[in-house]
Amino acid sequence: DVNYDRLLFSVGAQTTTFGTPGVEEYCNYLKQVGDAQQIKNAIVNCFESAGLPDLTEAEIQKELTFVIVGAGPTGIEFAAELLDFIEENGPRYYKQLLPYVRIKIVEAAPSILRPFEDGMKDEAIRRLTRTIEIEGVATLRPCEILLNKQVSEVTANYVYFKDGDKIQYGMSLWAAGIGPLPITTNMVEALEDTEQKGAQEFARGRLGVDPWLRVIGGKGEGFAFGD
């Protein structure tokens, strides 16, 4: 045990799957440094697999379909970076495969980037869904945004939706939200006999704080900030 006069609590959060079957087994996350390396390897593997001989066009397109679940800041930024990779680096290494690339952003809500202003949303949609001109390649428009699509299950080859649709994919990224770490949950539970219990109506598993970032129910001894 460590005694303290003031506690500054800023442990961050973790990816939450909302209990969706198959997400932990088959989706990539984008939360830690190791996740970025895993994603990089997965993208390269998709292109290398698509370049193998004797594949049908349908098999090539499957390998080069990237499904991004979640159209918040993380999902949208990743989609933009992937699109830049295809436009800037793709012609150098995988030019013949570019017509088969599909980037599908799926979002359960009716809009992307929900916390942001409409003008920013519209600009993001315009840039993501733009056409790409590459010499020697037919005009590309690889990115598609699918709204009001709630994932019901993820398997090794398909993302299934509650409306009955499914998408076959080569790589999937789960960016549908974050949730509290176990240490945060433990702290909330330790304060359940204080005003923190009422604060959970809006904090929803995170630590409720006042306008000065003091943990509600913490007697002014604890401060919390960040995710």
# chains A, B, ... in the order shown; residues from 1 in each chain; ligands from 1

$ select_by_dssp --residues "region 71-185 of chain A" --states "strand (DSSP E)" --output "VMD selection string"
chain A and resid 102 to 106 132 to 134 137 to 140 143 to 146 151 to 154 158 to 161 166 to 168 171 to 174 178 to 180

$ write_last_selection --atoms "C-alpha atoms" --output "compact mmCIF listing (two decimals), in the first residue's frame"
# COMPACT_ATOMS: atom_id res chain seq x y z
CA ARG A 102 -12.42 -1.82 -50.89
CA ILE A 103 -12.53 0.18 -47.63
CA LYS A 104 -15.85 -0.16 -45.85
CA ILE A 105 -16.54 2.03 -42.82
CA VAL A 106 -19.54 0.72 -40.90
CA ILE A 132 -8.41 8.66 -56.95
CA GLU A 133 -6.57 9.13 -60.23
CA ILE A 134 -3.48 6.93 -60.72
CA VAL A 137 -5.10 2.42 -63.33
CA ALA A 138 -8.83 2.85 -63.83
CA THR A 139 -10.37 5.60 -61.71
CA LEU A 140 -10.65 4.39 -58.12
CA CYS A 143 -14.03 3.95 -49.74
CA GLU A 144 -17.67 3.40 -48.80
CA ILE A 145 -19.44 4.57 -45.63
CA LEU A 146 -22.30 2.40 -44.35
CA VAL A 151 -22.50 -5.65 -36.11
CA SER A 152 -23.95 -8.85 -34.71
CA GLU A 153 -20.96 -11.19 -35.15
CA VAL A 154 -17.49 -11.41 -36.67
CA TYR A 158 -17.29 -12.32 -42.59
CA VAL A 159 -18.69 -9.40 -40.62
CA TYR A 160 -22.39 -10.02 -39.96
CA PHE A 161 -24.98 -7.32 -39.27
CA LYS A 166 -22.73 -9.55 -44.28
CA ILE A 167 -19.38 -8.42 -45.69
CA GLN A 168 -16.54 -10.73 -46.62
CA MET A 171 -8.82 -7.43 -42.56
CA SER A 172 -11.15 -5.95 -39.96
CA LEU A 173 -10.54 -3.15 -37.47
CA TRP A 174 -12.72 -2.62 -34.39
CA ILE A 178 -13.81 2.34 -25.43
CA GLY A 179 -14.66 1.30 -21.90
CA PRO A 180 -13.17 1.57 -18.43

$ residues_around --residues "Ala224 (chain A)" --least-positions-apart "2" --cutoff "6 Å" --atoms "only C-alpha atoms" --output "ChimeraX atom specification"
/A:8-10,213

$ closest_residue --among "A:Phe225, A:Ala80, A:Gly51, A:Gln200" --to "Trp212 (chain A)" --atoms "only C-alpha atoms"
A:Phe225

$ atom_distance --atom1 "CA of Val11 (chain A)" --atom2 "CA of Gly198 (chain A)"
22.3 Å

$ closest_residue --among "A:Ala176, A:Leu128, A:Ala58, A:Leu97" --to "Tyr29 (chain A)" --atoms "only C-alpha atoms"
A:Ala176

$ closest_atom_pairs --of "region 2-69 of chain A" --to "region 74-77 of chain A" --cutoff "9 Å" --atoms "only C-alpha atoms" --output "JSON lines"
{"residue": "A:Leu30", "atom": "CA", "partner": "A:Thr74", "partner_atom": "CA", "distance": 7.7}
{"residue": "A:Ile68", "atom": "CA", "partner": "A:Gly75", "partner_atom": "CA", "distance": 6.3}
{"residue": "A:Val69", "atom": "CA", "partner": "A:Gly75", "partner_atom": "CA", "distance": 7.0}

$ select_by_dssp --residues "region 5-173 of chain A" --states "helix (DSSP H, G or I)" --output "JSON, numbers by chain"
{"A": [23, 24, 25, 26, 33, 34, 35, 36, 37, 38, 39, 40, 41, 42, 43, 44, 45, 46, 47, 48, 49, 50, 57, 58, 59, 60, 61, 62, 63, 73, 74, 75, 76, 77, 78, 79, 80, 81, 82, 83, 84, 85, 86, 87, 88, 90, 91, 92, 93, 95, 96, 97, 98, 99, 100, 118, 119, 120, 121, 122, 123, 124, 125, 126, 127, 128]}

$ closest_residue --among "A:Asp227, A:Pro99, A:Lys197, A:Tyr93" --to "Thr15 (chain A)" --atoms "only C-alpha atoms"
A:Asp227

$ atom_distance --atom1 "CA of Pro142 (chain A)" --atom2 "CA of Gly22 (chain A)"
25.7 Å

$ closest_atom_pairs --of "region 100-194 of chain A" --to "region 203-206 of chain A" --cutoff "10 Å" --atoms "only C-alpha atoms" --output "Markdown table"
| residue | atom | partner | partner_atom | distance |
| --- | --- | --- | --- | --- |
| A:Gly179 | CA | A:Gly205 | CA | 7.7 |
| A:Pro180 | CA | A:Arg206 | CA | 6.0 |
| A:Leu181 | CA | A:Arg206 | CA | 8.9 |
| A:Thr184 | CA | A:Arg206 | CA | 6.6 |
| A:Thr185 | CA | A:Gly205 | CA | 6.5 |
| A:Asn186 | CA | A:Gly205 | CA | 9.9 |
| A:Met187 | CA | A:Arg206 | CA | 9.2 |
| A:Val188 | CA | A:Gly205 | CA | 7.2 |
| A:Glu189 | CA | A:Gly205 | CA | 9.4 |

$ write_last_selection --atoms "N, CA and C atoms" --output "short mmCIF file (atom, residue, chain, number, x, y, z; two decimals), in the first residue's frame"
data_model
loop_
_atom_site.label_atom_id
_atom_site.label_comp_id
_atom_site.auth_asym_id
_atom_site.auth_seq_id
_atom_site.Cartn_x
_atom_site.Cartn_y
_atom_site.Cartn_z
N GLY A 179 -14.03 1.49 -23.20
CA GLY A 179 -14.66 1.30 -21.90
C GLY A 179 -13.64 1.38 -20.79
N PRO A 180 -14.09 1.40 -19.56
CA PRO A 180 -13.17 1.57 -18.43
C PRO A 180 -12.30 0.34 -18.19
N LEU A 181 -11.10 0.58 -17.70
CA LEU A 181 -10.21 -0.48 -17.26
C LEU A 181 -10.70 -1.06 -15.95
N THR A 184 -10.42 1.16 -12.94
CA THR A 184 -11.43 2.21 -12.86
C THR A 184 -12.73 1.66 -12.29
N THR A 185 -13.12 0.49 -12.77
CA THR A 185 -14.33 -0.16 -12.25
C THR A 185 -14.21 -0.40 -10.75
N ASN A 186 -13.05 -0.85 -10.32
CA ASN A 186 -12.83 -1.10 -8.89
C ASN A 186 -12.96 0.18 -8.08
N MET A 187 -12.47 1.28 -8.61
CA MET A 187 -12.54 2.55 -7.89
C MET A 187 -13.98 3.05 -7.81
N VAL A 188 -14.72 2.88 -8.90
CA VAL A 188 -16.14 3.27 -8.88
C VAL A 188 -16.89 2.46 -7.83
N GLU A 189 -16.61 1.16 -7.78
CA GLU A 189 -17.28 0.29 -6.81
C GLU A 189 -16.90 0.66 -5.38
#

$ atom_distance --atom1 "CA of Glu25 (chain A)" --atom2 "CA of Glu81 (chain A)"
24.1 Å

$ closest_residue --among "A:Gly170, A:Gly226, A:Gly208, A:Gly119" --to "Ala50 (chain A)" --atoms "only C-alpha atoms"
A:Gly170

$ closest_residue --among "A:Leu147, A:Ala175, A:Ile183, A:Ala190" --to "Val23 (chain A)" --atoms "only C-alpha atoms"
A:Ala175

$ closest_residue --among "A:Arg214, A:Arg126, A:Lys149, A:Lys40" --to "Ala71 (chain A)" --atoms "only C-alpha atoms"
A:Lys149
